[in-house]
Amino acid sequence: MFPASENFYVVWRARLNAASLLRDENDRPPERLLQAVWLHQRLRRDQLKTMDGKTVRIFHPGFASAEGGPDFRGAVIQFGDDAPRSGDVEVDLLPGNWRAHGHDHNPNFQNVLLHVVWEKLGVPPLRGGADPDRLKAELQTRPPILPLCDALDAPVAELALWLEDETPGSFPDNLRGQCCVPLQELDETQLTGLLREAAEARFQAKAAHFRARAQVAGWEQSLWEGLFRALGYKHNSWPMQHLAETRSRLACGADSAFELQARLFGVSGLLPPELPPAAGGNKYLRRIWDCWWRERDEFSDCILPRAAWKFHGLRPANHPQRRLALAARWLADGDLVQRLERWCAEELPDKAAPGALRKIFEVERDEFWSWHWTFRSARMRKPQPLLGDARVTDLALNVVLPWLWTRAGEGRNRKLQRALERRYFAWPPAQDNAVLRLARWRLLEPGRNRLWQNAAIQQGLMQITQDFCARSNAVCADCRFPELVGGWERQRG
């Protein structure tokens, strides 16, 4: 079902990306691909160094900016042994573009912490000659330069197939996409087939991410990083990734879920540096702080700055403090990975698989977090589960199924891969969101809502939005998706 050679959508998309790559000068990747590499941190993150030799730790890559100015806002970065700083990141192909593009005189770029480039190519030419003192002085007046050409975690051609901005542009309410007409000409079976192929492309991209990371860090570590990122949701995935990267160290010697909670809260930077007087009535916070205070010096080198976290617009149930409490319970389990592997191998009816997976991720009632959203929130009248059905679906689609599938592929177990593919396409729908609602309205005529009673079909629609809508604008300038639809219909029809 999943071999790329049999998937028209995947083959057509690969050809389009390859052609796009070859159009760039000197075989350099397009700048938009470099931006996507940075956004998704497809890097050997423990080996990053600036051109002047300082180590770089990325606590948060920042948020992609669509308003001009630097490419990413609000990044959190540490250089060498300095304290982490928050600021902007600019992405260019060459170091000399900083001056060539006028960034050195543009006040919008004065908060740039890091200039990310593809290749070194020496240093930018100097005004007034090549005197070494002038060179040193000019480099001191611009942000540090981080070249990425030797820091990727996979070949450029592989990254080009899936790394793109995740967020579609904003479309006016009175304008449908140009693809709406050719999509209307597909009957329901044809449309479902196209969306299934797009869903396969999305699944393969996630699996490739796990495969690349497993080659560096191992299979179990790649799974934990995926689970932590999923708990971080959209805005806090990178702080959670950083915590996952220190998992082995944090778990070493921890005797209970409570001790793991204390360490995660402390290293996350979400505990107050000193216990406030008002916390006297909060016995749980008092115990957590006392436990962390004894170990704080041991973990001082990996504590995240609080600025790495985003809180605005979060639902209370998604607050990172509550998510970390759940992660600590999973880490304390000790058998979570093995139970996921048994779930994978078990012959379950498709309808029973989601419920069985939820039981694996469910935890016992927590003394504090089943009754509170945050450290400071009032006690709820009724306990709330730490994990809901919507989050189980997200974990299945984005982490568990692609991780198990690519691992089975490494073992050449095609039978197991086919069973996992069947579960993927039978999974009940995920929670609706603004991206899906806009994509349905933008691409399709009303009346086809029955299609969305399936999570994989939702994934396919999101992949099309990422591959095409995110690259175009409100009037679909230069969008080639209608061409893909026509080619798909001719081949499959």
# chains A, B, ... in the order shown; residues from 1 in each chain; ligands from 1
call {"tool": "residues_around", "arguments": {"residues": "Leu43 (chain A)", "least_positions_apart": "3", "cutoff": "12 Å", "atoms": "only C-alpha atoms", "output": "ChimeraX atom specification"}}
result
/A:34,36-40,46-49,56-58,61,146-156,159,209,212-213,216
call {"tool": "residues_around", "arguments": {"residues": "region 416-422 of chain A", "least_positions_apart": "2", "cutoff": "12 Å", "atoms": "only C-alpha atoms", "output": "short mmCIF file (atom, residue, chain, number, x, y, z; two decimals) with C-alpha atoms, in the first residue's frame"}}
result
data_model
loop_
_atom_site.label_atom_id
_atom_site.label_comp_id
_atom_site.auth_asym_id
_atom_site.auth_seq_id
_atom_site.Cartn_x
_atom_site.Cartn_y
_atom_site.Cartn_z
CA MET A 1 0.00 0.00 0.00
CA PHE A 2 2.76 2.43 0.91
CA PRO A 3 5.59 1.82 -1.63
CA ARG A 196 -5.49 8.69 0.73
CA ALA A 199 -2.20 10.88 3.56
CA GLU A 200 0.39 8.24 2.66
CA PHE A 203 2.72 9.32 6.94
CA GLN A 204 5.94 8.56 5.06
CA ALA A 207 8.26 7.89 9.39
CA GLU A 341 5.31 -2.99 20.69
CA ARG A 342 2.88 -5.63 21.99
CA TRP A 343 -0.06 -3.46 20.86
CA CYS A 344 1.54 -3.30 17.42
CA ALA A 345 1.85 -7.08 17.13
CA GLU A 346 -1.56 -7.90 18.62
CA GLU A 347 -4.27 -8.87 16.14
CA LEU A 348 -7.01 -6.43 17.11
CA PRO A 349 -10.16 -5.47 15.22
CA ASP A 350 -9.63 -2.01 13.70
CA LYS A 351 -12.35 -0.54 15.91
CA ALA A 353 -7.18 -0.50 18.34
CA ALA A 396 -1.30 7.60 17.20
CA LEU A 397 -1.17 9.50 13.90
CA VAL A 400 3.07 5.75 17.44
CA LEU A 401 1.96 4.45 14.04
CA PRO A 402 4.76 6.04 11.95
CA TRP A 403 7.40 5.03 14.53
CA LEU A 404 6.21 1.42 14.62
CA TRP A 405 5.83 1.30 10.83
CA THR A 406 9.32 2.54 10.01
CA ARG A 407 10.83 0.27 12.66
CA ALA A 408 9.02 -2.71 11.12
CA GLY A 409 10.42 -1.62 7.76
CA GLU A 410 13.95 -1.69 9.13
CA GLY A 411 13.25 -5.31 10.09
CA ARG A 412 11.77 -6.02 6.63
CA ASN A 413 8.50 -7.08 8.26
CA ARG A 414 6.11 -6.12 5.47
CA TYR A 424 -3.93 4.14 10.10
CA PHE A 425 -6.64 4.26 7.43
CA ALA A 426 -9.30 2.94 9.82
CA TRP A 427 -8.54 5.39 12.65
CA ALA A 456 -6.21 9.59 7.53
#
call {"tool": "select_by_dssp", "arguments": {"residues": "region 100-338 of chain A", "states": "helix (DSSP H, G or I)", "output": "ChimeraX atom specification"}}
result
/A:100,103-105,107-109,132-140,156-160,180-184,188-217,219-231,237-245,247-251,257-268,277-281,283-302,306-308,316-318,320-333,336-338
call {"tool": "residues_around", "arguments": {"residues": "Asn106 (chain A)", "least_positions_apart": "6", "cutoff": "12 Å", "atoms": "only C-alpha atoms", "output": "NGL selection string"}}
result
:A and (68-70 or 98-100 or 112)
call {"tool": "closest_residue", "arguments": {"among": "A:Leu183, A:Asp82, A:Ala251, A:Gln466", "to": "Gly487 (chain A)", "atoms": "only C-alpha atoms"}}
result
A:Leu183
